[in-house]
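For reference, work29.pdb is printed below; it contains PDB, C-alpha atoms.
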ATOM      1  CA  MET K   1     -13.464   2.987  15.640
ATOM      2  CA  ALA K   2     -12.979  -0.735  16.200
ATOM      3  CA  SER K   3      -9.981  -2.882  15.355
ATOM      4  CA  ALA K   4     -10.280  -4.776  12.073
ATOM      5  CA  PRO K   5     -10.112  -8.600  12.079
ATOM      6  CA  PHE K   6      -6.852  -9.112  10.131
ATOM      7  CA  SER K   7      -3.193  -9.971  10.616
ATOM      8  CA  ARG K   8      -1.504  -8.398  13.611
ATOM      9  CA  ARG K   9       0.758  -6.113  11.575
ATOM     10  CA  PHE K  10      -2.115  -4.920   9.399
ATOM     11  CA  ARG K  11      -4.514  -4.580  12.333
ATOM     12  CA  ASP K  12      -2.141  -2.238  14.135
ATOM     13  CA  LEU K  13      -2.373   0.193  11.203
ATOM     14  CA  ILE K  14      -6.113   0.135  10.469
ATOM     15  CA  ARG K  15      -9.308   1.085  12.233
ATOM     16  CA  VAL K  16     -12.822   0.565  10.891
ATOM     17  CA  SER K  17     -16.128   2.081  11.943
ATOM     18  CA  LYS K  18     -18.916   0.023  13.506
ATOM     19  CA  ALA K  19     -20.928   0.563  10.322
ATOM     20  CA  PHE K  20     -18.084  -0.879   8.258
ATOM     21  CA  GLU K  21     -18.043  -4.069  10.341
ATOM     22  CA  SER K  22     -21.615  -4.843   9.307
ATOM     23  CA  SER K  23     -21.333  -3.497   5.747
ATOM     24  CA  GLY K  24     -20.093  -6.663   4.039
ATOM     25  CA  PHE K  25     -17.095  -4.930   2.481
ATOM     26  CA  GLU K  26     -13.866  -6.938   2.538
ATOM     27  CA  LEU K  27     -10.581  -5.624   3.876
ATOM     28  CA  SER K  28      -8.851  -8.118   1.590
ATOM     29  CA  LYS K  29      -9.388  -5.555  -1.188
ATOM     30  CA  LEU K  30      -7.117  -3.170   0.713
ATOM     31  CA  THR K  31      -3.337  -3.588   0.958
ATOM     32  CA  LEU K  32      -0.942  -1.870   3.361
ATOM     33  CA  ILE K  33       2.683  -3.001   3.643
ATOM     34  CA  PRO K  34       5.006  -1.261   6.149
ATOM     35  CA  ASN K  35       8.687  -0.856   5.233
ATOM     36  CA  PHE K  36       8.032  -1.634   1.584
ATOM     37  CA  VAL K  37      11.091   0.442   0.665
ATOM     38  CA  THR K  38      14.306   0.934   2.600
ATOM     39  CA  SER K  39      15.709   4.251   3.818
ATOM     40  CA  HIS K  40      18.369   3.964   1.116
ATOM     41  CA  GLN K  41      15.706   3.491  -1.582
ATOM     42  CA  GLU K  42      13.775   6.449  -0.178
ATOM     43  CA  GLN K  43      16.906   8.592  -0.451
ATOM     44  CA  GLN K  44      17.481   7.469  -4.027
ATOM     45  CA  LEU K  45      13.885   8.215  -5.038
ATOM     46  CA  MET K  46      13.944  11.616  -3.339
ATOM     47  CA  GLU K  47      17.234  12.642  -4.945
ATOM     48  CA  GLU K  48      15.695  12.014  -8.343
ATOM     49  CA  ALA K  49      12.313  13.529  -7.528
ATOM     50  CA  ASP K  50      13.783  16.684  -5.970
ATOM     51  CA  LYS K  51      15.649  17.493  -9.172
ATOM     52  CA  ARG K  52      12.226  18.122 -10.710
ATOM     53  CA  LEU K  53      10.331  19.281  -7.638
ATOM     54  CA  LYS K  54      12.778  22.044  -6.705
ATOM     55  CA  ARG K  55      11.877  23.811  -9.954
ATOM     56  CA  LEU K  56       8.185  23.859  -9.036
ATOM     57  CA  LYS K  57       6.280  26.080  -6.613
ATOM     58  CA  TYR K  58       3.800  24.721  -4.090
ATOM     59  CA  GLU K  59       0.278  25.340  -5.371
ATOM     60  CA  ARG K  60      -2.606  26.325  -3.077
ATOM     61  CA  ASP K  61      -5.413  25.206  -5.379
ATOM     62  CA  HIS K  62      -5.745  22.017  -7.389
ATOM     63  CA  TRP K  63      -7.440  21.822 -10.790
ATOM     64  CA  ASP K  64     -10.212  19.605  -9.359
ATOM     65  CA  ASP K  65     -10.089  21.120  -5.838
ATOM     66  CA  ALA K  66      -8.684  17.903  -4.335
ATOM     67  CA  ILE K  67      -5.290  18.983  -2.951
ATOM     68  CA  VAL K  68      -3.979  21.929  -0.914
ATOM     69  CA  ALA K  69      -0.307  23.050  -0.778
ATOM     70  CA  TYR K  70       1.215  20.643  -3.274
ATOM     71  CA  ARG K  71       3.459  20.286  -6.291
ATOM     72  CA  GLU K  72       3.586  17.354  -8.665
ATOM     73  CA  PHE K  73       4.891  15.877 -11.868
ATOM     74  CA  GLU K  74       4.669  12.662 -13.895
ATOM     75  CA  SER K  75       7.627  10.842 -15.368
ATOM     76  CA  ASP K  76       8.710   7.615 -17.011
ATOM     77  CA  LYS K  77      12.424   8.425 -16.764
ATOM     78  CA  TRP K  78      14.078   6.899 -13.695
ATOM     79  CA  SER K  79      17.470   5.480 -12.775
ATOM     80  CA  GLN K  80      17.789   1.716 -12.793
ATOM     81  CA  GLN K  81      17.577   1.584  -8.972
ATOM     82  CA  SER K  82      14.411   3.672  -8.806
ATOM     83  CA  ALA K  83      12.865   1.885 -11.768
ATOM     84  CA  GLU K  84      13.325  -1.402  -9.906
ATOM     85  CA  VAL K  85      11.422  -0.007  -6.910
ATOM     86  CA  ILE K  86       8.625   1.250  -9.151
ATOM     87  CA  GLU K  87       8.427  -2.105 -10.918
ATOM     88  CA  SER K  88       8.154  -3.776  -7.508
ATOM     89  CA  VAL K  89       5.207  -1.489  -6.684
ATOM     90  CA  LYS K  90       3.455  -2.492  -9.905
ATOM     91  CA  GLN K  91       4.108  -6.184  -9.352
ATOM     92  CA  THR K  92       2.848  -6.048  -5.778
ATOM     93  CA  ALA K  93      -0.289  -4.131  -6.800
ATOM     94  CA  GLN K  94      -1.138  -6.840  -9.374
ATOM     95  CA  PHE K  95      -2.957  -4.464 -11.687
ATOM     96  CA  GLU K  96      -5.724  -6.063 -13.711
ATOM     97  CA  ASN K  97      -5.469  -3.348 -16.355
ATOM     98  CA  PRO K  98      -1.951  -2.531 -17.637
ATOM     99  CA  PRO K  99      -0.052  -0.038 -15.424
ATOM    100  CA  ARG K 100       0.219   3.501 -16.716
ATOM    101  CA  ARG K 101       3.588   4.354 -18.217
ATOM    102  CA  LEU K 102       3.871   7.651 -16.312
ATOM    103  CA  VAL K 103       4.467   7.528 -12.558
ATOM    104  CA  HIS K 104       2.854  10.312 -10.506
ATOM    105  CA  VAL K 105       5.030  12.098  -7.916
ATOM    106  CA  LEU K 106       2.998  14.162  -5.433
ATOM    107  CA  ASP K 107       4.709  16.446  -2.917
ATOM    108  CA  ILE K 108       2.573  17.912  -0.112
ATOM    109  CA  GLU K 109       3.818  20.487   2.373
ATOM    110  CA  ALA K 110       3.603  19.746   6.092
ATOM    111  CA  ALA K 111       0.579  22.054   6.247
ATOM    112  CA  GLY K 112      -0.987  20.589   3.097
ATOM    113  CA  TYR K 113      -3.566  17.850   2.729
ATOM    114  CA  ILE K 114      -5.664  15.896   0.240
ATOM    115  CA  LYS K 115      -9.429  16.365   0.308
ATOM    116  CA  PRO K 116     -11.898  13.461   0.021
ATOM    117  CA  HIS K 117     -12.153  12.355  -3.602
ATOM    118  CA  ILE K 118     -12.426   9.345  -5.909
ATOM    119  CA  ASP K 119      -9.956   9.242  -8.799
ATOM    120  CA  SER K 120     -11.670   9.810 -12.125
ATOM    121  CA  ASP K 121     -12.267   6.760 -14.313
ATOM    122  CA  ARG K 122     -10.905   8.849 -17.182
ATOM    123  CA  TYR K 123      -7.384   8.779 -15.709
ATOM    124  CA  CYS K 124      -7.225   5.665 -13.575
ATOM    125  CA  GLY K 125      -8.243   2.019 -13.836
ATOM    126  CA  ASP K 126      -8.850  -0.691 -11.258
ATOM    127  CA  LYS K 127      -6.103   0.092  -8.722
ATOM    128  CA  VAL K 128      -4.086   2.906  -7.158
ATOM    129  CA  ALA K 129      -0.784   2.101  -5.435
ATOM    130  CA  GLY K 130       1.326   4.609  -3.522
ATOM    131  CA  VAL K 131       4.588   4.640  -1.555
ATOM    132  CA  SER K 132       4.789   7.169   1.300
ATOM    133  CA  LEU K 133       8.110   8.990   1.665
ATOM    134  CA  LEU K 134       9.476  11.436   4.288
ATOM    135  CA  SER K 135       6.505  11.372   6.681
ATOM    136  CA  ASP K 136       3.869   9.239   8.365
ATOM    137  CA  CYS K 137       0.286  10.277   7.661
ATOM    138  CA  VAL K 138      -3.320   9.194   8.115
ATOM    139  CA  MET K 139      -5.530   8.209   5.177
ATOM    140  CA  ARG K 140      -9.280   8.077   5.618
ATOM    141  CA  LEU K 141     -11.643   6.133   3.351
ATOM    142  CA  VAL K 142     -15.373   6.905   3.429
ATOM    143  CA  HIS K 143     -18.120   5.192   1.445
ATOM    144  CA  GLU K 144     -19.553   7.533  -1.155
ATOM    145  CA  SER K 145     -23.209   7.002  -0.190
ATOM    146  CA  ASP K 146     -22.975   5.978   3.479
ATOM    147  CA  LYS K 147     -20.642   8.278   5.381
ATOM    148  CA  GLU K 148     -20.819   6.095   8.488
ATOM    149  CA  VAL K 149     -18.947   3.337   6.648
ATOM    150  CA  SER K 150     -15.307   4.333   6.973
ATOM    151  CA  VAL K 151     -11.740   3.095   7.387
ATOM    152  CA  SER K 152      -8.717   4.920   8.801
ATOM    153  CA  LEU K 153      -5.209   3.857   7.798
ATOM    154  CA  LEU K 154      -1.958   4.852   9.448
ATOM    155  CA  LEU K 155       0.464   5.071   6.515
ATOM    156  CA  PRO K 156       3.971   4.841   7.946
ATOM    157  CA  ARG K 157       6.878   6.418   6.152
ATOM    158  CA  LEU K 158       8.300   3.873   3.638
ATOM    159  CA  SER K 159       4.995   1.966   3.410
ATOM    160  CA  LEU K 160       2.968   0.932   0.357
ATOM    161  CA  TYR K 161      -0.814   1.105   0.092
ATOM    162  CA  VAL K 162      -2.997  -0.312  -2.682
ATOM    163  CA  LEU K 163      -6.661   0.642  -3.179
ATOM    164  CA  SER K 164      -8.678  -1.759  -5.316
ATOM    165  CA  HIS K 165     -12.246  -2.833  -6.099
ATOM    166  CA  GLU K 166     -14.784  -1.039  -3.861
ATOM    167  CA  PHE K 167     -12.044   0.985  -2.140
ATOM    168  CA  ARG K 168     -10.974   2.310  -5.523
ATOM    169  CA  TYR K 169     -14.419   2.996  -7.005
ATOM    170  CA  HIS K 170     -16.851   3.565  -4.111
ATOM    171  CA  PHE K 171     -14.834   5.050  -1.248
ATOM    172  CA  THR K 172     -13.402   8.545  -1.162
ATOM    173  CA  HIS K 173      -9.826   8.750   0.066
ATOM    174  CA  GLU K 174      -8.073  11.652   1.731
ATOM    175  CA  ILE K 175      -4.838  12.482   3.564
ATOM    176  CA  LEU K 176      -5.654  14.311   6.774
ATOM    177  CA  GLY K 177      -4.181  17.743   7.405
ATOM    178  CA  HIS K 178      -2.036  18.607  10.398
ATOM    179  CA  ASP K 179      -4.947  19.639  12.628
ATOM    180  CA  GLN K 180      -6.882  16.404  11.975
ATOM    181  CA  SER K 181      -3.954  13.991  11.786
ATOM    182  CA  LEU K 182      -5.079  11.569  14.489
ATOM    183  CA  PHE K 183      -5.026   7.776  14.605
ATOM    184  CA  ASP K 184      -6.619   5.868  17.465
ATOM    185  CA  GLY K 185      -6.867   9.153  19.340
ATOM    186  CA  GLN K 186      -3.139   9.815  19.054
ATOM    187  CA  SER K 187      -1.580  12.666  17.107
ATOM    188  CA  VAL K 188       0.388  11.668  14.001
ATOM    189  CA  PRO K 189       2.777  14.571  13.304
ATOM    190  CA  ARG K 190       2.826  15.609   9.675
ATOM    191  CA  GLU K 191       5.949  16.658   7.828
ATOM    192  CA  ARG K 192       6.484  17.201   4.135
ATOM    193  CA  ARG K 193       5.201  14.047   2.397
ATOM    194  CA  VAL K 194       6.090  12.788  -1.063
ATOM    195  CA  SER K 195       4.219   9.880  -2.581
ATOM    196  CA  ILE K 196       5.215   7.806  -5.591
ATOM    197  CA  ILE K 197       1.924   6.715  -7.164
ATOM    198  CA  CYS K 198       1.310   4.056  -9.800
ATOM    199  CA  ARG K 199      -2.099   3.675 -11.415
ATOM    200  CA  SER K 200      -3.527   1.217 -13.885
ATOM    201  CA  GLU K 201      -4.776   2.353 -17.254
ATOM    202  CA  PRO K 202      -8.492   3.193 -17.454
ATOM    203  CA  ALA K 203     -10.701   0.424 -18.732
ATOM    204  CA  LYS K 204     -11.439   0.686 -22.432
ATOM    205  CA  PRO K 205     -15.071   1.575 -23.116
ATOM    206  CA  THR K 206     -17.193  -1.324 -24.238
ATOM    207  CA  GLN K 207     -18.139  -1.079 -27.882
ATOM    208  CA  PRO K 208     -21.869  -1.479 -28.562
ATOM    209  CA  PRO K 209     -22.759  -4.380 -30.875
ATOM    210  CA  LEU K 210     -23.084  -3.460 -34.539
TER     211      LEU K 210
END
Spit out the file's structure as structure tokens when you get a sec.
Amino acid sequence: MASAPFSRRFRDLIRVSKAFESSGFELSKLTLIPNFVTSHQEQQLMEEADKRLKRLKYERDHWDDAIVAYREFESDKWSQQSAEVIESVKQTAQFENPPRRLVHVLDIEAAGYIKPHIDSDRYCGDKVAGVSLLSDCVMRLVHESDKEVSVSLLLPRLSLYVLSHEFRYHFTHEILGHDQSLFDGQSVPRERRVSIICRSEPAKPTQPPL
């Protein structure tokens, strides 16, 4: 994988394939911000999330076969401090469609992972934004019809990523499992990872002319 032509901080966290370099796709449609939240904000979010998560068991199979060893919930009830963080995520993502009211909290065991998938248009609009808590991890994006066109992202703990445009609609995304968690040839140890995910509302279907 070759280094992407971008800002130094961003370039250190992203690698693109040779095929991507000549594909015409723009990295400007991809956002990755290290240290988007503080350790104190992480603690606050986790204290609230764990009140719900501790009542749930880790599941081995997902309803659409996308996630292994996970538990999850959605909520619109947050403390003022956490709500401010979530609002900051939405503002930074700059959703074109209105943001969904419910925020998705996804907890993956150290041995768990997310398989390659594209979020359904039925449940998600133009952008997906997620904050990574408790652990670093590697996200891989692969074009749906040309598997040689790919991007690897090192998502540091406390970082924010935003997938939009072609990365939202035409690239699968996955979180690599422990055995495959490599970035630039170096192992990225996986621990339990919790992500706070905001999505935009799906686009309303166009009404045919009467």
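Restricting the calculation to only C-alpha atoms, the smallest distance between K:Glu109 and any of K:Val194, K:Leu56, K:Cys137, K:Ile33 is found for K:Val194.
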Q.
For a quick check of understanding, using all atoms listed in the file, which of K:Ser132, K:Ser164, K:Ser187, K:Thr172 has the smallest distance to K:Ser150?
A. K:Thr172
Q: Please measure the separation of atom CA of K:Ser181 and atom CA of K:Leu141, giving the value in Å to one decimal.
A: 13.9 Å
Expected axis-aligned box over every listed atom of stretch 49-62 of chain K, 3 Å added per side, centre plus edges in Å to one decimal, as JSON:
{"center_x": 5.0, "center_y": 19.9, "center_z": -6.9, "size_x": 27.4, "size_y": 18.8, "size_z": 13.6}
Might you pull out every residue within 10 Å of K:Val89, with all atoms listed in the file counted and same-chain residues fewer than 2 positions away left off, and present them as a short mmCIF file (atom, residue, chain, number, x, y, z; two decimals) with C-alpha atoms, in the coordinates of the input?
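Once written, selection19.cif looks like this:
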data_model
loop_
_atom_site.label_atom_id
_atom_site.label_comp_id
_atom_site.auth_asym_id
_atom_site.auth_seq_id
_atom_site.Cartn_x
_atom_site.Cartn_y
_atom_site.Cartn_z
CA PHE K 36 8.03 -1.63 1.58
CA VAL K 37 11.09 0.44 0.66
CA ALA K 83 12.86 1.88 -11.77
CA GLU K 84 13.32 -1.40 -9.91
CA VAL K 85 11.42 -0.01 -6.91
CA ILE K 86 8.62 1.25 -9.15
CA GLU K 87 8.43 -2.10 -10.92
CA GLN K 91 4.11 -6.18 -9.35
CA THR K 92 2.85 -6.05 -5.78
CA ALA K 93 -0.29 -4.13 -6.80
CA GLN K 94 -1.14 -6.84 -9.37
CA ALA K 129 -0.78 2.10 -5.44
CA GLY K 130 1.33 4.61 -3.52
CA VAL K 131 4.59 4.64 -1.56
CA LEU K 160 2.97 0.93 0.36
CA TYR K 161 -0.81 1.10 0.09
CA VAL K 162 -3.00 -0.31 -2.68
CA ILE K 196 5.22 7.81 -5.59
CA ILE K 197 1.92 6.72 -7.16
CA CYS K 198 1.31 4.06 -9.80
#
Q. Could you state the separation of atom CA of K:Pro99 and atom CA of K:His143 in Å, given to one decimal place?
A. 25.3 Å
Q | Expansion of the PyMOL selection byres ((chain K and resi 18-22) around 6) into residues, as a PyMOL selection string | A | chain K and resi 17+23-24+148-149
Q | Coordinates-based distance that separates atom CA of K:Ile67 from atom CA of K:Ala110 (Å, one decimal) | A | 12.7 Å
(Q) Can you translate the PyMOL selection byres ((chain K and resi 42) around 12) into the concrete residues it hits in this file, as a PyMOL selection string? (A) chain K and resi 35-41+43-50+81-82+85-86+131-135+157-159+193-196
Residues from last step as file, C-alpha atoms, as a short mmCIF file (atom, residue, chain, number, x, y, z; two decimals), in the coordinates of the input:
data_model
loop_
_atom_site.label_atom_id
_atom_site.label_comp_id
_atom_site.auth_asym_id
_atom_site.auth_seq_id
_atom_site.Cartn_x
_atom_site.Cartn_y
_atom_site.Cartn_z
CA ASN K 35 8.69 -0.86 5.23
CA PHE K 36 8.03 -1.63 1.58
CA VAL K 37 11.09 0.44 0.66
CA THR K 38 14.31 0.93 2.60
CA SER K 39 15.71 4.25 3.82
CA HIS K 40 18.37 3.96 1.12
CA GLN K 41 15.71 3.49 -1.58
CA GLN K 43 16.91 8.59 -0.45
CA GLN K 44 17.48 7.47 -4.03
CA LEU K 45 13.88 8.22 -5.04
CA MET K 46 13.94 11.62 -3.34
CA GLU K 47 17.23 12.64 -4.94
CA GLU K 48 15.70 12.01 -8.34
CA ALA K 49 12.31 13.53 -7.53
CA ASP K 50 13.78 16.68 -5.97
CA GLN K 81 17.58 1.58 -8.97
CA SER K 82 14.41 3.67 -8.81
CA VAL K 85 11.42 -0.01 -6.91
CA ILE K 86 8.62 1.25 -9.15
CA VAL K 131 4.59 4.64 -1.56
CA SER K 132 4.79 7.17 1.30
CA LEU K 133 8.11 8.99 1.66
CA LEU K 134 9.48 11.44 4.29
CA SER K 135 6.50 11.37 6.68
CA ARG K 157 6.88 6.42 6.15
CA LEU K 158 8.30 3.87 3.64
CA SER K 159 5.00 1.97 3.41
CA ARG K 193 5.20 14.05 2.40
CA VAL K 194 6.09 12.79 -1.06
CA SER K 195 4.22 9.88 -2.58
CA ILE K 196 5.22 7.81 -5.59
#
